[in-house]
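Here is the structure we will look at, set down as structure tokens.
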Amino acid sequence: MTSTLPSLLISIPDGVIDLGWGHPSPRLHPTDALATAAQSVLGQQSVVPLQYGAVQGFGPLLESLATYLSAQESYRGPVTPESLFLTAGASAAIDLATTLYATAGDTVTVEEPTYYLIEQIFVDHGLNVVGIPTDTEGLDTDALADLLASDDSPRPKLLYTIPTYQNPTGSVLPLHRRQHLIDLAQRHGFTIIADEVYQLLHYGPPPPPPMATLDDSPGGCVVSLGSFSKILSPGLRLGWIHASPLIIRRFVDSGVAASGGGLSHFAATLAHATLEMGLLQENIETLRRVYGHRHDDVADLLRREFADTVHFTPPGGGYFYWLALTDGTNTDALLPAAREAGVSYRPGTAFSASGAFTDALRISISLYETDELAEGIRRLGRATQISQR
């Protein structure tokens, strides 16, 4: 029987270059590496990969991942297996953290703008979502401090931030703001969910270390999230939480872990095999090289096509460029004309609960090769010129 149901999340109309999708290029999926890993895992005739896993996650992967992360220049410090918990990807980790650290009616603060799909997770939990301003260096921690000092503002239980190569802006929160944010969390009693899935995808100097490595509070106040979706394969649905052992214990004791055992256990055995055979490091090096070239090429293409009519800052890592149209063009209104020209993007309002950033848009470098990115940017330029007539 032929199914009419979709097999993938992504859906793009024929003839359209959709720069809005933050998915990897088809050729960048490491099929050979994962086939080798699967052959190694299943060829041992062991039932371990096919059983329920340990609640904290597959022990060998916790150990190999801790060793790997400790050696990375973007981590700059030791990571222990006791400070890691394996998850079914970052989105599932955010949902679980929200379950454990908040209840319906609580407040969560988010960056403005922020990842455009995150609000729905918090709304599903009945949370009140409050935006905090950002600038070119990410979350404005002084603005957050002012909000926390106000008697008229609700006290947040959670704060969600993307401190490294932020989605959508590409900004990187500097070290002094990271430390200020942790200080505010300690003083005001909220938990930071730091979505750091792009931490290993830097195309130049490494970013500051993950938030969890800076957390010196006795009980911990930071839940840092990593993901194999960005460095190996999103289909694995595998990631990790990096936090103090006391926070990790809370996740280990959660109902979902106790009932089902380790999350994405079979995928974890594959990831461990790629680490043990050096295949994960090879894949990350490939991604840095390919995405790094695209990152530089897109900056040149944007300057050539738009000159001074678009303002942007090359992010230095991650997937996204955040473009501000200097003439104030409304990017929601522009979108139909862009699609007619054969290109699409995410308008700025998608990243704001208040509908702000009407003159901004986000494009991704991850899905298309450079020649397709170039054509997409040319089409976007033509659509913008037509709309200005």
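Note on naming: chains are A, B, ... as they come in the structure tokens, residues start from 1 per chain, ligands start from 1 in the order shown.
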Members of range 8-223 of chain A assigned strand (DSSP E or B) by DSSP, as a PyMOL selection string: chain A and resi 17-18+84-87+107-112+128-135+138-139+156-161+191-195+202+222-223
Dump N, CA, C and O atoms for the selected residues as a compact mmCIF listing (two decimals), in the first residue's frame?
# COMPACT_ATOMS: atom_id res chain seq x y z
N ILE A 17 13.70 27.80 -3.53
CA ILE A 17 14.86 27.64 -2.65
C ILE A 17 14.44 28.20 -1.30
O ILE A 17 14.31 29.41 -1.13
N ASP A 18 14.17 27.32 -0.36
CA ASP A 18 13.65 27.74 0.94
C ASP A 18 14.80 27.87 1.93
O ASP A 18 15.28 26.88 2.48
N LEU A 84 26.44 14.38 33.01
CA LEU A 84 25.75 14.22 31.73
C LEU A 84 24.52 13.33 31.88
O LEU A 84 24.51 12.39 32.69
N PHE A 85 23.50 13.63 31.10
CA PHE A 85 22.28 12.82 31.01
C PHE A 85 21.88 12.79 29.55
O PHE A 85 21.77 13.84 28.91
N LEU A 86 21.68 11.59 29.00
CA LEU A 86 21.33 11.48 27.59
C LEU A 86 19.85 11.73 27.37
O LEU A 86 19.01 11.29 28.16
N THR A 87 19.54 12.44 26.28
CA THR A 87 18.17 12.85 25.99
C THR A 87 17.77 12.40 24.59
O THR A 87 18.61 11.98 23.78
N THR A 107 6.13 31.56 35.09
CA THR A 107 6.67 32.42 34.04
C THR A 107 8.01 31.89 33.55
O THR A 107 8.85 31.45 34.34
N VAL A 108 8.21 31.93 32.23
CA VAL A 108 9.50 31.63 31.63
C VAL A 108 9.91 32.86 30.82
O VAL A 108 9.10 33.42 30.09
N THR A 109 11.15 33.30 30.99
CA THR A 109 11.67 34.41 30.20
C THR A 109 12.48 33.85 29.04
O THR A 109 13.19 32.84 29.18
N VAL A 110 12.36 34.50 27.89
CA VAL A 110 13.07 34.08 26.68
C VAL A 110 13.69 35.31 26.02
O VAL A 110 13.30 36.44 26.31
N GLU A 111 14.66 35.06 25.19
CA GLU A 111 15.26 36.15 24.42
C GLU A 111 14.27 36.66 23.39
O GLU A 111 13.41 35.93 22.90
N GLU A 112 14.43 37.91 23.05
CA GLU A 112 13.58 38.55 22.04
C GLU A 112 14.48 39.16 20.98
O GLU A 112 15.11 40.20 21.24
N ASN A 128 3.61 31.30 31.24
CA ASN A 128 3.55 32.68 30.78
C ASN A 128 4.91 33.05 30.20
O ASN A 128 5.92 33.00 30.91
N VAL A 129 4.96 33.38 28.92
CA VAL A 129 6.23 33.64 28.23
C VAL A 129 6.48 35.14 28.18
O VAL A 129 5.65 35.91 27.68
N VAL A 130 7.63 35.58 28.72
CA VAL A 130 8.01 36.99 28.77
C VAL A 130 9.33 37.18 28.04
O VAL A 130 10.31 36.48 28.33
N GLY A 131 9.36 38.10 27.08
CA GLY A 131 10.57 38.36 26.31
C GLY A 131 11.51 39.34 26.98
O GLY A 131 11.07 40.29 27.64
N ILE A 132 12.81 39.11 26.80
CA ILE A 132 13.86 40.00 27.31
C ILE A 132 14.64 40.53 26.10
O ILE A 132 15.00 39.76 25.21
N PRO A 133 14.94 41.83 26.06
CA PRO A 133 15.65 42.39 24.90
C PRO A 133 17.02 41.75 24.69
O PRO A 133 17.67 41.27 25.63
N THR A 134 17.46 41.77 23.44
CA THR A 134 18.80 41.33 23.08
C THR A 134 19.48 42.44 22.28
O THR A 134 18.83 43.38 21.81
N ASP A 135 20.79 42.32 22.13
CA ASP A 135 21.54 43.21 21.25
C ASP A 135 22.54 42.36 20.48
O ASP A 135 22.37 41.15 20.39
N GLY A 138 23.80 39.30 22.30
CA GLY A 138 22.86 38.35 22.87
C GLY A 138 21.99 38.95 23.96
O GLY A 138 21.68 40.15 23.95
N LEU A 139 21.58 38.12 24.89
CA LEU A 139 20.67 38.52 25.95
C LEU A 139 21.22 39.72 26.72
O LEU A 139 22.36 39.72 27.16
N PRO A 156 10.36 34.74 37.23
CA PRO A 156 10.45 33.55 36.37
C PRO A 156 10.90 32.31 37.13
O PRO A 156 11.72 32.40 38.05
N LYS A 157 10.36 31.16 36.73
CA LYS A 157 10.87 29.89 37.21
C LYS A 157 11.99 29.39 36.29
O LYS A 157 12.90 28.69 36.73
N LEU A 158 11.88 29.74 35.00
CA LEU A 158 12.84 29.31 34.00
C LEU A 158 13.27 30.49 33.15
O LEU A 158 12.50 31.44 32.95
N LEU A 159 14.48 30.41 32.63
CA LEU A 159 14.94 31.32 31.59
C LEU A 159 15.54 30.48 30.48
O LEU A 159 16.41 29.65 30.73
N TYR A 160 15.02 30.68 29.28
CA TYR A 160 15.52 29.94 28.11
C TYR A 160 16.41 30.86 27.29
O TYR A 160 16.01 31.96 26.90
N THR A 161 17.63 30.40 27.03
CA THR A 161 18.59 31.20 26.26
C THR A 161 19.35 30.32 25.28
O THR A 161 19.55 29.12 25.52
N THR A 191 15.91 28.73 37.08
CA THR A 191 16.78 27.77 36.40
C THR A 191 16.99 28.21 34.96
O THR A 191 16.04 28.59 34.27
N ILE A 192 18.23 28.19 34.51
CA ILE A 192 18.59 28.55 33.14
C ILE A 192 18.59 27.30 32.27
O ILE A 192 19.28 26.32 32.58
N ILE A 193 17.81 27.31 31.21
CA ILE A 193 17.90 26.29 30.16
C ILE A 193 18.73 26.89 29.04
O ILE A 193 18.27 27.78 28.33
N ALA A 194 19.97 26.44 28.91
CA ALA A 194 20.90 26.98 27.92
C ALA A 194 20.96 26.03 26.73
O ALA A 194 21.52 24.92 26.82
N ASP A 195 20.37 26.44 25.63
CA ASP A 195 20.29 25.63 24.41
C ASP A 195 21.58 25.87 23.62
O ASP A 195 21.70 26.84 22.88
N HIS A 202 31.85 25.90 15.38
CA HIS A 202 32.47 27.22 15.23
C HIS A 202 33.39 27.18 14.02
O HIS A 202 34.06 26.18 13.76
N VAL A 222 21.93 25.69 36.15
CA VAL A 222 22.02 25.69 34.70
C VAL A 222 21.81 24.28 34.16
O VAL A 222 22.40 23.32 34.64
N VAL A 223 20.94 24.20 33.15
CA VAL A 223 20.75 22.98 32.37
C VAL A 223 21.24 23.28 30.96
O VAL A 223 20.57 23.96 30.19
Give me the residues near range 326-331 of chain A as number ranges by chain, where near means some atom within 7 Å (using only C-alpha atoms) and where sequence neighbours in that chain fewer than 3 positions away do not count. A: 309-311, 334-335, 347, 358-361
For the residues selected in the previous step, produce a file with N, CA, C and O atoms as a compact mmCIF listing (two decimals), in the first residue's frame.
# COMPACT_ATOMS: atom_id res chain seq x y z
N THR A 309 21.73 47.93 1.79
CA THR A 309 20.30 47.86 2.04
C THR A 309 19.93 46.76 3.05
O THR A 309 18.77 46.65 3.45
N VAL A 310 20.91 45.95 3.43
CA VAL A 310 20.72 44.92 4.45
C VAL A 310 21.84 45.01 5.45
O VAL A 310 23.02 45.11 5.08
N HIS A 311 21.49 44.98 6.73
CA HIS A 311 22.50 44.96 7.79
C HIS A 311 22.58 43.56 8.37
O HIS A 311 21.55 42.94 8.67
N LEU A 334 6.71 41.04 2.37
CA LEU A 334 7.62 40.68 1.28
C LEU A 334 7.54 39.19 0.93
O LEU A 334 7.82 38.80 -0.21
N LEU A 335 7.17 38.34 1.87
CA LEU A 335 7.27 36.90 1.70
C LEU A 335 6.51 36.36 0.48
O LEU A 335 7.07 35.55 -0.27
N PRO A 347 10.39 35.01 8.33
CA PRO A 347 10.30 36.44 8.66
C PRO A 347 10.59 36.68 10.14
O PRO A 347 10.39 35.80 10.99
N THR A 358 9.67 43.29 12.37
CA THR A 358 8.99 43.25 11.08
C THR A 358 9.93 43.54 9.91
O THR A 358 9.60 43.21 8.77
N ASP A 359 11.09 44.15 10.18
CA ASP A 359 12.04 44.48 9.11
C ASP A 359 13.18 43.47 9.03
O ASP A 359 14.20 43.74 8.36
N ALA A 360 13.06 42.32 9.69
CA ALA A 360 14.15 41.35 9.74
C ALA A 360 13.71 40.01 9.19
O ALA A 360 12.52 39.69 9.09
N LEU A 361 14.69 39.19 8.84
CA LEU A 361 14.42 37.82 8.39
C LEU A 361 15.64 36.96 8.69
O LEU A 361 16.74 37.45 8.89
So the first atom is CA of Gly355 in chain A and the second is CA of Phe122 in chain A; what is the distance between them in Å, to one decimal place?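 If I compute the distance from CA of Gly355 in chain A to CA of Phe122 in chain A, I get 17.4 Å.
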List the spatial neighbours of range 30-35 of chain A as a list in words - criterion: any atom at most 8 Å away, only C-alpha atoms, same-chain residues fewer than 3 positions off excluded.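 So the residues in contact are Arg27, Ala38, Gln39, Leu232, Ser233, Leu270, Thr274, Leu279 and Asn283 of chain A.
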Dump as a PDB file, in the first residue's frame, selection limited to C-alpha atoms:
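Output file result-v5.pdb is given in full below:
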ATOM      1  CA  ARG A  27      25.219  14.936   1.213  1.00  0.00           C
ATOM      2  CA  ALA A  38      25.743  -0.089  13.192  1.00  0.00           C
ATOM      3  CA  GLN A  39      27.754  -3.011  11.816  1.00  0.00           C
ATOM      4  CA  LEU A 232      25.958  13.592  13.517  1.00  0.00           C
ATOM      5  CA  SER A 233      22.322  13.117  12.452  1.00  0.00           C
ATOM      6  CA  LEU A 270      25.687   4.054  17.573  1.00  0.00           C
ATOM      7  CA  THR A 274      31.328   6.684  16.159  1.00  0.00           C
ATOM      8  CA  LEU A 279      34.134   8.901  13.058  1.00  0.00           C
ATOM      9  CA  ASN A 283      32.258  14.297  10.714  1.00  0.00           C
TER      10      ASN A 283
END
A straight line from CA of Thr169 in chain A to CA of Ala90 in chain A spans 18.9 Å
Please report, as a PyMOL selection string, each residue of range 297-366 of chain A to which DSSP assigns alpha helix (DSSP H) when run on this structure's backbone. chain A and resi 297-306+331-340
Residues within 9 Å of range 44-50 of chain A, please, as a ChimeraX atom specification. Count only C-alpha atoms; anything in the same chain fewer than 2 positions from it doesn't count. /A:39-42,52-53,265-270
If you count only C-alpha atoms, which residues fall within 8 Å of Val298 in chain A, apart from same-chain ones fewer than 5 positions away, as a PyMOL selection string? chain A and resi 365+370+373-374
May I have the residues from that selection written out with all heavy atoms, as a PDB file, in the first residue's frame?
ATOM      1  N   ILE A 365      22.307  28.540   6.337  1.00  0.00           N
ATOM      2  CA  ILE A 365      23.367  28.093   5.438  1.00  0.00           C
ATOM      3  C   ILE A 365      23.479  26.572   5.401  1.00  0.00           C
ATOM      4  O   ILE A 365      24.326  26.028   4.687  1.00  0.00           O
ATOM      5  CB  ILE A 365      24.738  28.673   5.854  1.00  0.00           C
ATOM      6  CG1 ILE A 365      25.169  28.112   7.217  1.00  0.00           C
ATOM      7  CG2 ILE A 365      24.700  30.196   5.873  1.00  0.00           C
ATOM      8  CD1 ILE A 365      26.598  28.450   7.611  1.00  0.00           C
ATOM      9  N   THR A 370      26.573  26.005  -1.932  1.00  0.00           N
ATOM     10  CA  THR A 370      26.859  27.426  -2.152  1.00  0.00           C
ATOM     11  C   THR A 370      26.204  27.960  -3.422  1.00  0.00           C
ATOM     12  O   THR A 370      25.687  29.089  -3.432  1.00  0.00           O
ATOM     13  CB  THR A 370      28.378  27.660  -2.203  1.00  0.00           C
ATOM     14  OG1 THR A 370      28.947  27.362  -0.914  1.00  0.00           O
ATOM     15  CG2 THR A 370      28.685  29.120  -2.533  1.00  0.00           C
ATOM     16  N   LEU A 373      22.627  28.532  -2.603  1.00  0.00           N
ATOM     17  CA  LEU A 373      22.527  29.680  -1.712  1.00  0.00           C
ATOM     18  C   LEU A 373      22.674  30.978  -2.503  1.00  0.00           C
ATOM     19  O   LEU A 373      21.934  31.943  -2.277  1.00  0.00           O
ATOM     20  CB  LEU A 373      23.602  29.606  -0.621  1.00  0.00           C
ATOM     21  CG  LEU A 373      23.415  28.526   0.449  1.00  0.00           C
ATOM     22  CD1 LEU A 373      24.684  28.391   1.287  1.00  0.00           C
ATOM     23  CD2 LEU A 373      22.223  28.842   1.350  1.00  0.00           C
ATOM     24  N   ALA A 374      23.618  30.984  -3.445  1.00  0.00           N
ATOM     25  CA  ALA A 374      23.839  32.179  -4.267  1.00  0.00           C
ATOM     26  C   ALA A 374      22.592  32.510  -5.074  1.00  0.00           C
ATOM     27  O   ALA A 374      22.171  33.674  -5.161  1.00  0.00           O
ATOM     28  CB  ALA A 374      25.037  31.980  -5.178  1.00  0.00           C
TER      29      ALA A 374
END
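A straight line drawn from CA of Thr141 in chain A to CA of Ala356 in chain A is 19.6 Å long.
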Go through A:Ser150, A:Lys230, A:Thr349, A:Thr103 one by one, measure the shortest atom-to-atom distance of each to Ile284 in chain A using only C-alpha atoms, and give the residue with the smallest value.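 Smallest separation from Ile284 in chain A among the options: A:Lys230.
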